[in-house]
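Engineer: I'd like to ask you about the structure that follows.
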Amino acid sequence: MKLRLILGDQLNPLHSWFAQRDSEVVYALFESREELTYAPHHRQKMLAFLHGMQRFAEWLRAEGHSVEHWTLDEPRQRGSLRANLEALKTEWEARTGQTVAVEYQEPDEYRLDQALSGIGQCVPSEHFLTERDGVRRHFASKKTYLMESFYRVMRVKWNVLLDTSGQPEGGTWNFDAENRSSWDPAQQVPREWRAHHDLRELDARLDRHGIPRWGESAAADFPWPSDRPEALDVLDHFVEHALALFGRYQDSLAEGQDFLFHSRISFALNTKMLHPLDAVRAAETAWRRAPERYPLPAVEGFIRQVLGWREYVRGIYWDQMPSYAERNFFGHDRPLPPWMYTGQTRMRCMQVAVDQSLRTAYAHHIQRLMVVGNFALLAGLDPRELDTWYLGIYIDALEWVELPNTRGMSQFADGGIVGTKPYVSSGAYLNKQGNHCASCPYSVHEKVGPNACPFNSLYWHFYARNRPQLERNPRVGMVYRTWDKMKPDHREALLEQAESNLQSINNL
Ligand SMILES: Cc1cc2nc3c(=O)[nH]c(=O)nc-3n(C[C@H](O)[C@H](O)[C@H](O)COP(=O)(O)OP(=O)(O)OC[C@H]3O[C@@H](n4cnc5c(N)ncnc54)[C@H](O)[C@@H]3O)c2cc1C
């Protein structure tokens with residue numbers, strides 16, 4: 001007999017485990033208190049994972065497999081994955097008189113890898129396009145972890161956007177320079193893809209068991225996909241309606257627009273309802289069939305995110321864990337202001353990003369990086385607390401992808417593994433990329449004074465206070481030259497303004 005564990009982020013019906021029915025195999029899915037509470041999760045995130053598991057258990061049964069799906073209501077519950085698995089193994093051994101072997105798919109998170117270690121045979125999850133140690137091997141002989149070099153190898157390995165002689169289509173590997181326009185408020189955005197699931201019963205179960213959570217539940221009309229057919233539908237919708245303008249508005253920020261031209265496939269990918277090649281091939285096929293409709297920079301830009309960044313950050317995670325979770329290059333330790341949990345700040349860009357995250361469990365990349373992450377880094381927020389925030393609030397947040405993005409890309413807390421310089425900006429960049437500043441009570445054009453945009457003075461405060469760590473970075477030398485050229489009283493005024501902002505951070 002075999003007992004096979006399926007984790008909440010392993011909802012992949014294409015896994016070879018399921019290719020044939022076997023009366024000697026039982027599949028186990030557990031709602032576990034430990035998993036639901038290791039970080040304070042957004043209501044929609046919890047519902048989306050539990051609903052996906054429920055649908056997966058139904059699918060397995062319909063395919064003729066034997067399934068044990070323990071909800072929180074299950075009397076045999078032991079509260080943790082490992083304890084549940086051990087209890088079920090003992091039960092099946094008593095019931096059948098046979099030894100029961102446990103199998104599980106390679107977990108993506110270090111925490112679960114440790115928790116399940118030694119419990120049985122670990123098999124590949126058949127999802128990623130590189131091995132766990134693929135990034136470590138790729139960069140073994142290199143001085144820096146440049147994503148671009150890894151990405152090119154992945155393009156060749158998977159034969160993506162290559163011409164018949166093996167060269168990159170369009171004559172270049174990366175069209176980033178042609179992407180990333182400012183937002184045009186006259187631009188129509190695609191209608192939103194959404195499912196319509198009634199998850200009130202599931203939500204009530206979480207209430208009954210006192211599982212703490214935050215954000216809007218949307219349980220009565222739940223919008224996120226629950227299985228592979230719905231996930232493929234999200235991807236089709238994106239290719240049909242948004243891919244062509246994905247690149248152009250990739251870095252835009254827009255009033256009243258939650259999703260712009262982003263795909264919203266991260267939840268489906270991270271739960272493995274979608275395979276990364278589904279997304280890569282769908283975009284490439286669209287371009288090959290209709291190049292006049294799908295600009296190559298948009299298609300290449302999208303493919304780079306999935307084939308490049310996603311695989312790269314996973315490799316960084318497995319290369320650097322567990323010490324990566326302790327990295328704090330700047331020694332930042334300021335607690336998160338309470339408005340990070342309510343959205344009640346006057347800074348319009350932050351208000352929109354946090355409010356939207358609470359409402360939808362989603363923010364697009366530039367909101368996560370250049371709005372929330374930018375502010376956090378400028379203000380010196382504690383990266384550990386920030387990780388917990390990011391890990392809790394987003395529908396797609398799993399530590400293997402959240403941590404390298406937060407500690408690495410966004411907070412530079414790894415000292416420059418993922419990024420070569422900190423991603424920070426003053427208000428000018430935010431104003432250029434979108435239209436939040438127009439309705440903000442702070443003035444993006446003022447640097448000091450009660451109405452000055454806090455990003456402006458905090459930007460200089462960040463560079464001034466971290467000069468010893470950053471001065472020798474060749475990519476930031478220019479910043480210090482500009483700072484040194486400023487009149488001393490102007491520098492003084494900027495630092496005083498920033499100090500005042502930091503003192504009243506809870507009321508910004
Ligand atoms: C501070 C911070 C935290 C983040 N936390 C997460 C997280 O917990 N989970 C997560 O999946 N992504 C995370 N990201 C990466 C990225 O912001 C999200 O993948 C993206 O916003 C999801 O929306 P989308 O599906 O519409 O993506 P799109 O913009 O449409 O991009 C397509 C896909 O590319 C992949 N992708 C794009 N950028 C990245 C990236 N930097 N790292 C990994 N994959 C990427 C995702 O799978 C995404 O679905 C984070 C980024 C930052 C800056």
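Following the order of the structure tokens, first chain is A, next is B, and so on, with residues numbered from 1 inside each chain and ligands from 1 in the order they appear.
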Throw together the list of residues within 8 Å of ligand 1, counting only C-alpha atoms and all ligand atoms, and drop it here as an MDAnalysis selection string.
Structural biologist: chainID A and resid 246 250 259 261:267 269:270 276 302:307 309:314 362:370 372:373 390:391 394:407 409:411
Engineer: Need the shell around stretch 456-473 of chain A: protein/DNA/RNA residues with any atom at most 6 Å away, counting only C-alpha atoms. Skip same-chain ones fewer than 3 positions apart. Format as a PDB file with N, CA, C and O atoms, in the first residue's frame?
Structural biologist:
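Dumped everything to part-v8.pdb:
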ATOM      1  N   LEU A 378      12.943  52.741   1.730  1.00  0.00           N
ATOM      2  CA  LEU A 378      13.309  54.122   2.055  1.00  0.00           C
ATOM      3  C   LEU A 378      13.100  54.391   3.556  1.00  0.00           C
ATOM      4  O   LEU A 378      13.910  55.067   4.189  1.00  0.00           O
ATOM      5  N   SER A 426      12.484  58.379  -5.888  1.00  0.00           N
ATOM      6  CA  SER A 426      11.732  59.478  -5.268  1.00  0.00           C
ATOM      7  C   SER A 426      10.344  59.498  -5.904  1.00  0.00           C
ATOM      8  O   SER A 426      10.013  58.630  -6.727  1.00  0.00           O
ATOM      9  N   GLY A 427       9.550  60.511  -5.568  1.00  0.00           N
ATOM     10  CA  GLY A 427       8.200  60.605  -6.128  1.00  0.00           C
ATOM     11  C   GLY A 427       8.191  60.808  -7.639  1.00  0.00           C
ATOM     12  O   GLY A 427       7.222  60.443  -8.311  1.00  0.00           O
ATOM     13  N   LYS A 447       9.891  69.023  -2.019  1.00  0.00           N
ATOM     14  CA  LYS A 447      10.804  68.097  -1.336  1.00  0.00           C
ATOM     15  C   LYS A 447      10.792  68.289   0.175  1.00  0.00           C
ATOM     16  O   LYS A 447      11.024  67.351   0.928  1.00  0.00           O
ATOM     17  N   CYS A 453       5.913  65.401  -0.893  1.00  0.00           N
ATOM     18  CA  CYS A 453       5.786  63.944  -1.034  1.00  0.00           C
ATOM     19  C   CYS A 453       6.861  63.269  -0.175  1.00  0.00           C
ATOM     20  O   CYS A 453       8.062  63.516  -0.362  1.00  0.00           O
ATOM     21  N   VAL A 476      25.551  53.121  -8.238  1.00  0.00           N
ATOM     22  CA  VAL A 476      24.924  54.223  -7.491  1.00  0.00           C
ATOM     23  C   VAL A 476      25.848  55.425  -7.286  1.00  0.00           C
ATOM     24  O   VAL A 476      25.459  56.407  -6.642  1.00  0.00           O
ATOM     25  N   LEU A 494      16.554  68.427   3.697  1.00  0.00           N
ATOM     26  CA  LEU A 494      16.019  67.131   3.230  1.00  0.00           C
ATOM     27  C   LEU A 494      16.080  66.087   4.349  1.00  0.00           C
ATOM     28  O   LEU A 494      15.122  65.343   4.581  1.00  0.00           O
ATOM     29  N   LEU A 495      17.207  66.067   5.046  1.00  0.00           N
ATOM     30  CA  LEU A 495      17.354  65.071   6.116  1.00  0.00           C
ATOM     31  C   LEU A 495      16.400  65.356   7.268  1.00  0.00           C
ATOM     32  O   LEU A 495      15.800  64.441   7.840  1.00  0.00           O
ATOM     33  N   ALA A 498      12.966  64.267   6.224  1.00  0.00           N
ATOM     34  CA  ALA A 498      12.845  62.800   6.274  1.00  0.00           C
ATOM     35  C   ALA A 498      12.709  62.331   7.717  1.00  0.00           C
ATOM     36  O   ALA A 498      11.875  61.455   8.020  1.00  0.00           O
TER      37      ALA A 498
END
Engineer: Can you tell me which residues surround A:Ser32 at a distance of at most 8 Å, considering only C-alpha atoms, apart from same-chain residues fewer than 3 positions away, and format the answer as a list in words?
Structural biologist: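 The contact residues come out as Glu35, Leu36, Thr71, Leu72, Gln77, Gly79, Ser80 and Leu81 of chain A.
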Engineer: Which residue, A:Leu199, A:Met147, A:Val160, A:Ala39, has the smallest gap to A:Asp387 when you use only C-alpha atoms?
Structural biologist: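 Answer, going by the shortest atom-to-atom distance: A:Ala39.
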Engineer: Please extract the residues of stretch 83-182 of chain A with a backbone DSSP assignment of strand (DSSP E) and present them as a list of chain:residue names.
Structural biologist: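 DSSP on the backbone gives strand (DSSP E) at A:Ala101, A:Val102, A:Glu103, A:Tyr104, A:Gln105, A:Gln121, A:Cys122, A:Val123.
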Engineer: Given the selection you just returned, output its residues as a file containing N, CA, C and O atoms, formatted as a compact mmCIF listing (two decimals), in the first residue's frame.
Structural biologist:
# COMPACT_ATOMS: atom_id res chain seq x y z
N ALA A 101 3.66 2.50 2.68
CA ALA A 101 4.79 3.38 2.34
C ALA A 101 4.26 4.77 2.04
O ALA A 101 3.22 4.92 1.38
N VAL A 102 4.96 5.79 2.54
CA VAL A 102 4.54 7.18 2.28
C VAL A 102 5.36 7.75 1.13
O VAL A 102 6.57 7.53 1.05
N GLU A 103 4.68 8.45 0.23
CA GLU A 103 5.38 9.17 -0.84
C GLU A 103 4.89 10.61 -0.83
O GLU A 103 3.72 10.86 -0.55
N TYR A 104 5.78 11.53 -1.16
CA TYR A 104 5.36 12.93 -1.29
C TYR A 104 6.18 13.59 -2.39
O TYR A 104 7.28 13.15 -2.71
N GLN A 105 5.58 14.63 -2.97
CA GLN A 105 6.27 15.37 -4.03
C GLN A 105 7.18 16.41 -3.38
O GLN A 105 6.84 16.98 -2.34
N GLN A 121 9.26 8.44 0.72
CA GLN A 121 10.03 8.71 -0.50
C GLN A 121 9.58 10.03 -1.14
O GLN A 121 8.39 10.25 -1.33
N CYS A 122 10.55 10.87 -1.46
CA CYS A 122 10.25 12.16 -2.08
C CYS A 122 10.44 12.04 -3.59
O CYS A 122 11.50 11.60 -4.05
N VAL A 123 9.42 12.42 -4.36
CA VAL A 123 9.51 12.29 -5.83
C VAL A 123 9.44 13.70 -6.44
O VAL A 123 8.95 14.63 -5.79
Engineer: Could you give me, as a tab-separated table, every stretch 35-144 of chain A residue with an atom at most 9 Å from stretch 219-240 of chain A, plus its closest atom pair and distance in Å to one decimal, counting only C-alpha atoms, rows ordered by chain then number?
Structural biologist:
residue	atom	partner	partner_atom	distance
A:Arg43	CA	A:Ala219	CA	8.7
A:Gln44	CA	A:Ala219	CA	7.7
A:Leu47	CA	A:Ala219	CA	7.8
A:Ala48	CA	A:Trp224	CA	6.6
A:Phe49	CA	A:Ser226	CA	8.2
A:His51	CA	A:Ser226	CA	6.3
A:Gly52	CA	A:Ser226	CA	4.6
A:Met53	CA	A:Ser226	CA	8.3
A:Gln54	CA	A:Ser226	CA	8.8
A:Arg55	CA	A:Asp227	CA	6.7
A:Phe56	CA	A:Asp227	CA	7.1
Engineer: Take the residues that were just selected and, keeping all heavy atoms, output them as a compact mmCIF listing (two decimals), in the first residue's frame.
Structural biologist:
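Now in again.txt:
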# COMPACT_ATOMS: atom_id res chain seq x y z
N ARG A 43 -7.75 36.45 3.57
CA ARG A 43 -8.92 35.56 3.48
C ARG A 43 -9.01 34.89 2.11
O ARG A 43 -9.31 33.71 1.99
CB ARG A 43 -10.21 36.36 3.71
CG ARG A 43 -10.44 36.73 5.14
CD ARG A 43 -11.81 37.40 5.31
NE ARG A 43 -12.15 37.48 6.71
CZ ARG A 43 -11.69 38.42 7.52
NH1 ARG A 43 -10.89 39.36 7.05
NH2 ARG A 43 -12.04 38.44 8.79
N GLN A 44 -8.79 35.68 1.04
CA GLN A 44 -8.94 35.09 -0.30
C GLN A 44 -7.84 34.06 -0.58
O GLN A 44 -8.06 33.08 -1.28
CB GLN A 44 -8.91 36.19 -1.36
CG GLN A 44 -10.20 37.00 -1.38
CD GLN A 44 -10.18 38.10 -2.41
OE1 GLN A 44 -9.82 37.89 -3.55
NE2 GLN A 44 -10.57 39.28 -2.00
N LEU A 47 -8.96 30.88 1.13
CA LEU A 47 -10.09 30.26 0.42
C LEU A 47 -9.62 29.66 -0.91
O LEU A 47 -10.04 28.57 -1.29
CB LEU A 47 -11.18 31.31 0.15
CG LEU A 47 -12.00 31.75 1.37
CD1 LEU A 47 -12.96 32.88 0.98
CD2 LEU A 47 -12.77 30.58 1.97
N ALA A 48 -8.76 30.38 -1.61
CA ALA A 48 -8.33 29.91 -2.93
C ALA A 48 -7.58 28.58 -2.81
O ALA A 48 -7.81 27.65 -3.59
CB ALA A 48 -7.45 30.96 -3.59
N PHE A 49 -6.70 28.47 -1.82
CA PHE A 49 -5.94 27.22 -1.66
C PHE A 49 -6.87 26.08 -1.22
O PHE A 49 -6.81 24.98 -1.78
CB PHE A 49 -4.79 27.41 -0.65
CG PHE A 49 -3.55 27.99 -1.30
CD1 PHE A 49 -3.40 29.35 -1.47
CD2 PHE A 49 -2.55 27.16 -1.76
CE1 PHE A 49 -2.27 29.88 -2.09
CE2 PHE A 49 -1.41 27.66 -2.39
CZ PHE A 49 -1.26 29.03 -2.55
N HIS A 51 -10.11 25.83 -1.53
CA HIS A 51 -11.07 25.49 -2.59
C HIS A 51 -10.37 24.66 -3.67
O HIS A 51 -10.93 23.66 -4.16
CB HIS A 51 -11.63 26.79 -3.20
CG HIS A 51 -12.71 26.57 -4.19
ND1 HIS A 51 -12.83 27.31 -5.34
CD2 HIS A 51 -13.73 25.68 -4.22
CE1 HIS A 51 -13.88 26.89 -6.03
NE2 HIS A 51 -14.43 25.91 -5.37
N GLY A 52 -9.15 25.05 -4.03
CA GLY A 52 -8.39 24.29 -5.02
C GLY A 52 -8.18 22.85 -4.55
O GLY A 52 -8.33 21.90 -5.33
N MET A 53 -7.89 22.67 -3.27
CA MET A 53 -7.68 21.30 -2.74
C MET A 53 -8.98 20.49 -2.80
O MET A 53 -8.98 19.31 -3.15
CB MET A 53 -7.18 21.39 -1.29
CG MET A 53 -5.76 21.90 -1.18
SD MET A 53 -5.32 22.32 0.52
CE MET A 53 -5.19 20.68 1.23
N GLN A 54 -10.07 21.18 -2.44
CA GLN A 54 -11.37 20.50 -2.47
C GLN A 54 -11.71 20.02 -3.88
O GLN A 54 -12.11 18.89 -4.09
CB GLN A 54 -12.42 21.52 -2.00
CG GLN A 54 -13.78 20.98 -1.70
CD GLN A 54 -14.62 22.12 -1.09
OE1 GLN A 54 -14.24 22.69 -0.06
NE2 GLN A 54 -15.71 22.47 -1.74
N ARG A 55 -11.48 20.91 -4.86
CA ARG A 55 -11.77 20.57 -6.25
C ARG A 55 -10.84 19.44 -6.73
O ARG A 55 -11.24 18.59 -7.51
CB ARG A 55 -11.59 21.80 -7.16
CG ARG A 55 -12.48 22.97 -6.80
CD ARG A 55 -13.87 22.87 -7.39
NE ARG A 55 -13.79 22.87 -8.83
CZ ARG A 55 -14.42 22.02 -9.63
NH1 ARG A 55 -15.19 21.08 -9.13
NH2 ARG A 55 -14.29 22.10 -10.95
N PHE A 56 -9.61 19.48 -6.25
CA PHE A 56 -8.66 18.46 -6.68
C PHE A 56 -9.06 17.08 -6.12
O PHE A 56 -9.00 16.07 -6.82
CB PHE A 56 -7.24 18.82 -6.22
CG PHE A 56 -6.17 18.15 -7.02
CD1 PHE A 56 -5.89 18.57 -8.31
CD2 PHE A 56 -5.45 17.08 -6.50
CE1 PHE A 56 -4.90 17.94 -9.07
CE2 PHE A 56 -4.47 16.44 -7.25
CZ PHE A 56 -4.19 16.87 -8.53
Engineer: I need the residues in stretch 145-284 of chain A that are helix (DSSP H, G or I) according to DSSP; give them as a PyMOL selection string.
Structural biologist: chain A and resi 147-157+169-171+176-178+200-208+219-221+228-241+243-246+266-270+276-284
Engineer: Could you please determine the separation between atom CA of A:Phe175 and atom CA of A:Tyr480 in Å, to one decimal place?
Structural biologist: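 Distance reported for this atom pair: 29.8 Å.
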Engineer: Which distance in Å separates atom CA of A:Ser66 and atom CA of A:Glu106, to one decimal?
Structural biologist: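 Here the two named atoms are 21.3 Å from each other.
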